[in-house]
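See structure below.
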Amino acid sequence: GENVEQHPSTLSVQEGDSAVIKCTYSDSASNYFPWYKQELGKRPQLIIDIRSNVGEKKDQRIAVTLNKTAKHFSLHITETQPEDSAVYFCAATSYNQGGKLIFGQGTELSVKP
Amino acid sequence: DVKVTQSSRYLVKRTGEKVFLECVQDMDHENMFWYRQDPGLGLRLIYFSYDVKMKEKGDIPEGYSVSREKKERFSLILESASTNQTSMYLCASLRAGTGISGNTIYFGEGSWLTVV
């Protein structure tokens with residue numbers, strides 16, 4: 001089955017700096033890769049996603065890149081703000097898995113003012 | 001606006017007790033999931049269900065069972081709670097056939113279970 005590894009487990013940056021979180025997956029059949037942000041005590045919220053037919057996707061300060069050959073994808077947050085502080089999860093699945101997401105271990109991002 | 005409801009947000013149970021965690025969705029979704037969330041381990045899939053009375057094991061089903069008697073309700077059962085089941089449990093649902101998209105997966109707010 002699919003296995004997703006996420007690094008780093010914790011990340012501390014100064015406000016205004018960039019943050020990068022990386023994930024690798026094992027199943028070459030996976031073709032959908034969402035990223036979730038989870039604030040303390042709240043449910044995970046989708047922030048961006050990418051499908052395997054696209055190499056990069058951007059939404060304002062957030063971007064995701066995908067390298068299918070190497071089986072890794074990354075989340076990039078530019079101009080970080082204190083409200084970006086949260087736990088971020090990557091996940092992988094394929095369209096025929098009926099929504100069964102396999103998650104990475106999570107990254108706790110701290111943005112210091 | 002709440003679409004996936006986990007009725008118990010915080011529970012404290014004793015070792016050996018039978019525990020029920022309830023999840024209800026009001027979107028007529030076919031697919032429902034139970035995840036367990038632990039620091040450093042992410043979200044791990046316990047069980048999932050694609051239809052009423054159907055269930056499939058996820059990655060960590062040991063010590064758990066599930067019940068899906070009605071389409072809107074998916075229950076997670078700990079037959080005999082143990083301290084290593086202290087965790088946060090997340091329910092999620094998805095409409096079948098929409099194609100996988102994060103926007104169509106809805107999470108509950110989580111149930112924090114402490115077993116003493």
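Note on naming: chains are A, B, ... as they come in the structure tokens, residues start from 1 per chain, ligands start from 1 in the order shown.
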
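Taking chain A and asking which residues DSSP calls helix (DSSP H, G or I) on the backbone, you get Pro82, Glu83, Asp84, Tyr95, Asn96 and Gln97 of chain A.
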
*Test item: residues at most 7 Å from B:Leu76, only C-alpha atoms, excluding those fewer than 4 positions along its chain, as a PyMOL selection string*: chain B and resi 20-22+64-67

Please, which residues of chain B lie no more than 10 Å from chain A when the count uses only C-alpha atoms, and can they be set out as a short mmCIF file (atom, residue, chain, number, x, y, z; two decimals) with N, CA, C and O atoms, in the first residue's frame?
data_model
loop_
_atom_site.label_atom_id
_atom_site.label_comp_id
_atom_site.auth_asym_id
_atom_site.auth_seq_id
_atom_site.Cartn_x
_atom_site.Cartn_y
_atom_site.Cartn_z
N GLU B 30 -21.69 8.53 0.59
CA GLU B 30 -21.56 7.08 0.68
C GLU B 30 -20.32 6.68 1.50
O GLU B 30 -20.35 5.73 2.26
N ASN B 31 -19.22 7.40 1.31
CA ASN B 31 -17.94 6.99 1.89
C ASN B 31 -17.67 7.71 3.20
O ASN B 31 -17.73 8.93 3.28
N MET B 32 -17.33 6.95 4.20
CA MET B 32 -16.98 7.51 5.49
C MET B 32 -15.73 6.84 6.04
O MET B 32 -15.46 5.68 5.74
N PHE B 33 -14.99 7.60 6.85
CA PHE B 33 -13.66 7.16 7.30
C PHE B 33 -13.47 7.50 8.77
O PHE B 33 -13.97 8.51 9.25
N TYR B 35 -10.13 8.13 11.22
CA TYR B 35 -8.69 8.28 11.36
C TYR B 35 -8.36 8.49 12.83
O TYR B 35 -9.14 9.03 13.61
N GLN B 37 -5.34 10.40 15.10
CA GLN B 37 -4.26 11.38 14.97
C GLN B 37 -3.40 11.41 16.22
O GLN B 37 -3.91 11.64 17.33
N ASP B 38 -2.11 11.19 16.05
CA ASP B 38 -1.14 11.23 17.15
C ASP B 38 0.04 12.10 16.73
O ASP B 38 0.46 12.04 15.57
N PRO B 39 0.59 12.86 17.67
CA PRO B 39 1.75 13.72 17.33
C PRO B 39 2.89 12.89 16.75
O PRO B 39 3.26 11.85 17.28
N GLY B 40 3.42 13.38 15.65
CA GLY B 40 4.56 12.70 15.02
C GLY B 40 4.19 11.52 14.15
O GLY B 40 5.05 10.98 13.45
N LEU B 41 2.92 11.13 14.19
CA LEU B 41 2.48 9.99 13.38
C LEU B 41 1.46 10.39 12.32
O LEU B 41 1.10 9.58 11.46
N GLY B 42 0.97 11.61 12.39
CA GLY B 42 -0.01 12.07 11.41
C GLY B 42 -1.37 11.44 11.64
O GLY B 42 -1.72 11.04 12.75
N LEU B 43 -2.14 11.35 10.57
CA LEU B 43 -3.46 10.73 10.62
C LEU B 43 -3.33 9.33 10.02
O LEU B 43 -2.88 9.16 8.89
N ARG B 44 -3.77 8.36 10.79
CA ARG B 44 -3.70 6.97 10.32
C ARG B 44 -5.10 6.40 10.20
O ARG B 44 -5.93 6.57 11.10
N LEU B 45 -5.35 5.72 9.09
CA LEU B 45 -6.69 5.22 8.79
C LEU B 45 -6.99 3.96 9.58
O LEU B 45 -6.25 2.98 9.52
N TYR B 47 -10.56 2.49 9.90
CA TYR B 47 -11.57 1.77 9.12
C TYR B 47 -12.23 2.75 8.15
O TYR B 47 -12.24 3.95 8.37
N PHE B 48 -12.80 2.19 7.10
CA PHE B 48 -13.62 3.00 6.22
C PHE B 48 -14.79 2.19 5.70
O PHE B 48 -14.80 0.96 5.80
N SER B 49 -15.76 2.91 5.16
CA SER B 49 -16.99 2.27 4.71
C SER B 49 -17.46 2.94 3.43
O SER B 49 -17.50 4.17 3.35
N TYR B 50 -17.81 2.13 2.45
CA TYR B 50 -18.28 2.67 1.18
C TYR B 50 -19.80 2.60 1.03
O TYR B 50 -20.34 3.06 0.03
N GLY B 58 -8.53 -0.35 7.61
CA GLY B 58 -7.49 0.57 7.18
C GLY B 58 -6.13 0.05 7.60
O GLY B 58 -5.90 -1.16 7.65
N ASP B 59 -5.26 0.96 7.98
CA ASP B 59 -3.89 0.56 8.31
C ASP B 59 -3.72 0.11 9.75
O ASP B 59 -2.80 -0.65 10.06
N MET B 88 -6.60 11.38 19.48
CA MET B 88 -7.64 12.17 18.86
C MET B 88 -8.16 11.40 17.64
O MET B 88 -7.37 10.92 16.83
N LEU B 90 -10.60 11.32 14.27
CA LEU B 90 -11.23 12.17 13.26
C LEU B 90 -12.07 11.33 12.32
O LEU B 90 -11.62 10.32 11.79
N CYS B 91 -13.27 11.80 12.08
CA CYS B 91 -14.17 11.18 11.11
C CYS B 91 -14.17 12.04 9.85
O CYS B 91 -13.99 13.27 9.91
N ALA B 92 -14.37 11.41 8.70
CA ALA B 92 -14.46 12.15 7.44
C ALA B 92 -15.46 11.47 6.53
O ALA B 92 -15.74 10.27 6.66
N SER B 93 -16.00 12.25 5.59
CA SER B 93 -16.94 11.66 4.63
C SER B 93 -16.71 12.26 3.25
O SER B 93 -16.16 13.35 3.09
N LEU B 94 -17.16 11.51 2.22
CA LEU B 94 -16.93 11.87 0.82
C LEU B 94 -18.07 11.33 -0.01
O LEU B 94 -18.52 10.20 0.20
N ARG B 95 -18.53 12.09 -0.97
CA ARG B 95 -19.56 11.59 -1.87
C ARG B 95 -18.90 10.72 -2.93
O ARG B 95 -17.98 11.15 -3.62
N ALA B 96 -19.34 9.51 -3.08
CA ALA B 96 -18.78 8.58 -4.06
C ALA B 96 -19.02 9.10 -5.46
O ALA B 96 -20.05 9.70 -5.75
N GLY B 97 -18.04 8.87 -6.34
CA GLY B 97 -18.22 9.21 -7.73
C GLY B 97 -17.91 10.64 -8.06
O GLY B 97 -17.98 11.04 -9.22
N THR B 98 -17.53 11.46 -7.08
CA THR B 98 -17.20 12.85 -7.38
C THR B 98 -15.78 12.96 -7.90
O THR B 98 -15.36 13.99 -8.34
N GLY B 99 -15.05 11.88 -7.81
CA GLY B 99 -13.63 11.96 -8.14
C GLY B 99 -12.93 12.53 -6.93
O GLY B 99 -13.47 13.37 -6.24
N ILE B 100 -11.76 12.09 -6.64
CA ILE B 100 -11.09 12.53 -5.43
C ILE B 100 -10.73 14.01 -5.54
O ILE B 100 -10.12 14.46 -6.46
N SER B 101 -11.15 14.73 -4.60
CA SER B 101 -10.82 16.15 -4.55
C SER B 101 -10.92 16.57 -3.10
O SER B 101 -11.90 16.27 -2.44
N GLY B 102 -9.94 17.25 -2.64
CA GLY B 102 -9.96 17.65 -1.25
C GLY B 102 -11.19 18.44 -0.89
O GLY B 102 -11.66 18.39 0.24
N ASN B 103 -11.73 19.18 -1.84
CA ASN B 103 -12.90 19.99 -1.53
C ASN B 103 -14.12 19.15 -1.25
O ASN B 103 -15.10 19.62 -0.71
N THR B 104 -14.14 17.91 -1.63
CA THR B 104 -15.31 17.08 -1.41
C THR B 104 -15.15 16.15 -0.22
O THR B 104 -16.01 15.36 0.06
N ILE B 105 -14.03 16.24 0.45
CA ILE B 105 -13.83 15.48 1.68
C ILE B 105 -14.08 16.40 2.85
O ILE B 105 -13.52 17.47 2.93
N TYR B 106 -14.92 15.97 3.75
CA TYR B 106 -15.27 16.78 4.91
C TYR B 106 -14.83 16.06 6.17
O TYR B 106 -15.11 14.88 6.35
N PHE B 107 -14.17 16.80 7.04
CA PHE B 107 -13.73 16.25 8.32
C PHE B 107 -14.64 16.73 9.45
O PHE B 107 -15.15 17.85 9.43
N GLY B 108 -14.80 15.87 10.43
CA GLY B 108 -15.41 16.30 11.67
C GLY B 108 -14.40 17.08 12.49
O GLY B 108 -13.25 17.25 12.10
N GLU B 109 -14.83 17.56 13.65
CA GLU B 109 -13.94 18.38 14.48
C GLU B 109 -13.07 17.56 15.40
O GLU B 109 -12.21 18.10 16.07
N GLY B 110 -13.27 16.26 15.44
CA GLY B 110 -12.41 15.40 16.23
C GLY B 110 -12.98 15.07 17.59
O GLY B 110 -13.74 15.85 18.18
N SER B 111 -12.62 13.89 18.07
CA SER B 111 -13.00 13.45 19.42
C SER B 111 -11.72 13.11 20.17
O SER B 111 -10.96 12.25 19.74
N TRP B 112 -11.52 13.82 21.28
CA TRP B 112 -10.33 13.57 22.10
C TRP B 112 -10.68 12.52 23.15
O TRP B 112 -11.51 12.75 24.01
#

*Can you tell me, as JSON, numbers by chain, what residues are no more than 8 Å from stretch 54-71 of chain A when counting only C-alpha atoms, ignoring any on the same chain fewer than 4 positions away?*
{"A": [24, 25, 26, 28, 48, 49, 50, 75, 76, 77, 78, 79]}

*asked:* Would you pick out the contacts of B:Val116 at 8 Å or less, using only C-alpha atoms, so that residues sharing its chain but fewer than 4 positions from it are not included, and give the list as a ChimeraX atom specification?
replied: /B:12-15,82-83

Limited to all heavy atoms, could you put the picked residues into a file as a PDB file, in the first residue's frame?
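And here's again.pdb as it stands now:
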ATOM      1  N   VAL B  12     -13.329  10.808  28.714  1.00  0.00           N
ATOM      2  CA  VAL B  12     -12.381  10.121  29.591  1.00  0.00           C
ATOM      3  C   VAL B  12     -13.012   8.789  29.965  1.00  0.00           C
ATOM      4  O   VAL B  12     -14.121   8.768  30.508  1.00  0.00           O
ATOM      5  CB  VAL B  12     -12.056  10.932  30.852  1.00  0.00           C
ATOM      6  CG1 VAL B  12     -11.073  10.159  31.730  1.00  0.00           C
ATOM      7  CG2 VAL B  12     -11.492  12.298  30.483  1.00  0.00           C
ATOM      8  N   LYS B  13     -12.318   7.713  29.642  1.00  0.00           N
ATOM      9  CA  LYS B  13     -12.833   6.375  29.894  1.00  0.00           C
ATOM     10  C   LYS B  13     -11.810   5.555  30.664  1.00  0.00           C
ATOM     11  O   LYS B  13     -10.606   5.848  30.641  1.00  0.00           O
ATOM     12  CB  LYS B  13     -13.172   5.676  28.577  1.00  0.00           C
ATOM     13  CG  LYS B  13     -14.249   6.369  27.769  1.00  0.00           C
ATOM     14  CD  LYS B  13     -15.591   6.272  28.446  1.00  0.00           C
ATOM     15  CE  LYS B  13     -16.677   6.938  27.609  1.00  0.00           C
ATOM     16  NZ  LYS B  13     -18.006   6.867  28.282  1.00  0.00           N
ATOM     17  N   ARG B  14     -12.298   4.522  31.316  1.00  0.00           N
ATOM     18  CA  ARG B  14     -11.405   3.647  32.076  1.00  0.00           C
ATOM     19  C   ARG B  14     -10.966   2.461  31.222  1.00  0.00           C
ATOM     20  O   ARG B  14     -11.695   2.025  30.314  1.00  0.00           O
ATOM     21  CB  ARG B  14     -12.102   3.142  33.324  1.00  0.00           C
ATOM     22  CG  ARG B  14     -12.434   4.234  34.330  1.00  0.00           C
ATOM     23  CD  ARG B  14     -12.839   3.651  35.673  1.00  0.00           C
ATOM     24  NE  ARG B  14     -13.147   4.716  36.623  1.00  0.00           N
ATOM     25  CZ  ARG B  14     -12.224   5.354  37.324  1.00  0.00           C
ATOM     26  NH1 ARG B  14     -10.947   5.053  37.181  1.00  0.00           N
ATOM     27  NH2 ARG B  14     -12.584   6.300  38.166  1.00  0.00           N
ATOM     28  N   THR B  15      -9.804   1.967  31.511  1.00  0.00           N
ATOM     29  CA  THR B  15      -9.287   0.769  30.842  1.00  0.00           C
ATOM     30  C   THR B  15     -10.310  -0.360  30.931  1.00  0.00           C
ATOM     31  O   THR B  15     -10.867  -0.610  32.007  1.00  0.00           O
ATOM     32  CB  THR B  15      -7.968   0.327  31.486  1.00  0.00           C
ATOM     33  OG1 THR B  15      -7.012   1.388  31.361  1.00  0.00           O
ATOM     34  CG2 THR B  15      -7.414  -0.905  30.798  1.00  0.00           C
ATOM     35  N   SER B  82      -7.954   0.618  25.921  1.00  0.00           N
ATOM     36  CA  SER B  82      -6.649   0.507  26.574  1.00  0.00           C
ATOM     37  C   SER B  82      -5.966   1.869  26.534  1.00  0.00           C
ATOM     38  O   SER B  82      -6.318   2.733  25.719  1.00  0.00           O
ATOM     39  CB  SER B  82      -5.783  -0.540  25.887  1.00  0.00           C
ATOM     40  OG  SER B  82      -5.520  -0.155  24.554  1.00  0.00           O
ATOM     41  N   THR B  83      -4.975   2.046  27.399  1.00  0.00           N
ATOM     42  CA  THR B  83      -4.327   3.363  27.498  1.00  0.00           C
ATOM     43  C   THR B  83      -3.651   3.760  26.189  1.00  0.00           C
ATOM     44  O   THR B  83      -3.544   4.950  25.880  1.00  0.00           O
ATOM     45  CB  THR B  83      -3.309   3.372  28.640  1.00  0.00           C
ATOM     46  OG1 THR B  83      -2.385   2.295  28.474  1.00  0.00           O
ATOM     47  CG2 THR B  83      -4.010   3.223  29.994  1.00  0.00           C
TER      48      THR B  83
END

*asked:* What does the structure give for the distance between atom CA of B:Lys18 and atom CA of B:Lys57, in Å to one decimal?
replied: 19.6 Å

*Please identify all polymer residues within 10 Å of A:Thr80, counting only C-alpha atoms, omitting same-chain residues fewer than 6 positions from it, and present them as a list in words.*
Val13, Gln14, Glu15, Gly16, Asp17, Ser18, Ala19, Arg61, Ile62, Ser110, Val111, Lys112 and Pro113 of chain A

Env of B:Arg68: 9 Å cut, atoms = only C-alpha atoms, seq-sep filter 6 positions within chain, self excluded. Answer as a PDB file with C-alpha atoms, in the first residue's frame.
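Written out: part_14.pdb:
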ATOM      1  CA  SER B  49     -16.994   2.271   4.714  1.00  0.00           C
ATOM      2  CA  ASP B  51     -21.907   1.911   1.912  1.00  0.00           C
ATOM      3  CA  VAL B  52     -24.353   0.891   4.590  1.00  0.00           C
ATOM      4  CA  LYS B  53     -23.292  -2.323   6.329  1.00  0.00           C
ATOM      5  CA  MET B  54     -20.005  -2.326   4.441  1.00  0.00           C
ATOM      6  CA  LYS B  55     -16.652  -1.830   6.122  1.00  0.00           C
ATOM      7  CA  PHE B  74     -20.513   5.699  11.109  1.00  0.00           C
ATOM      8  CA  SER B  75     -19.564   4.534  14.584  1.00  0.00           C
TER       9      SER B  75
END
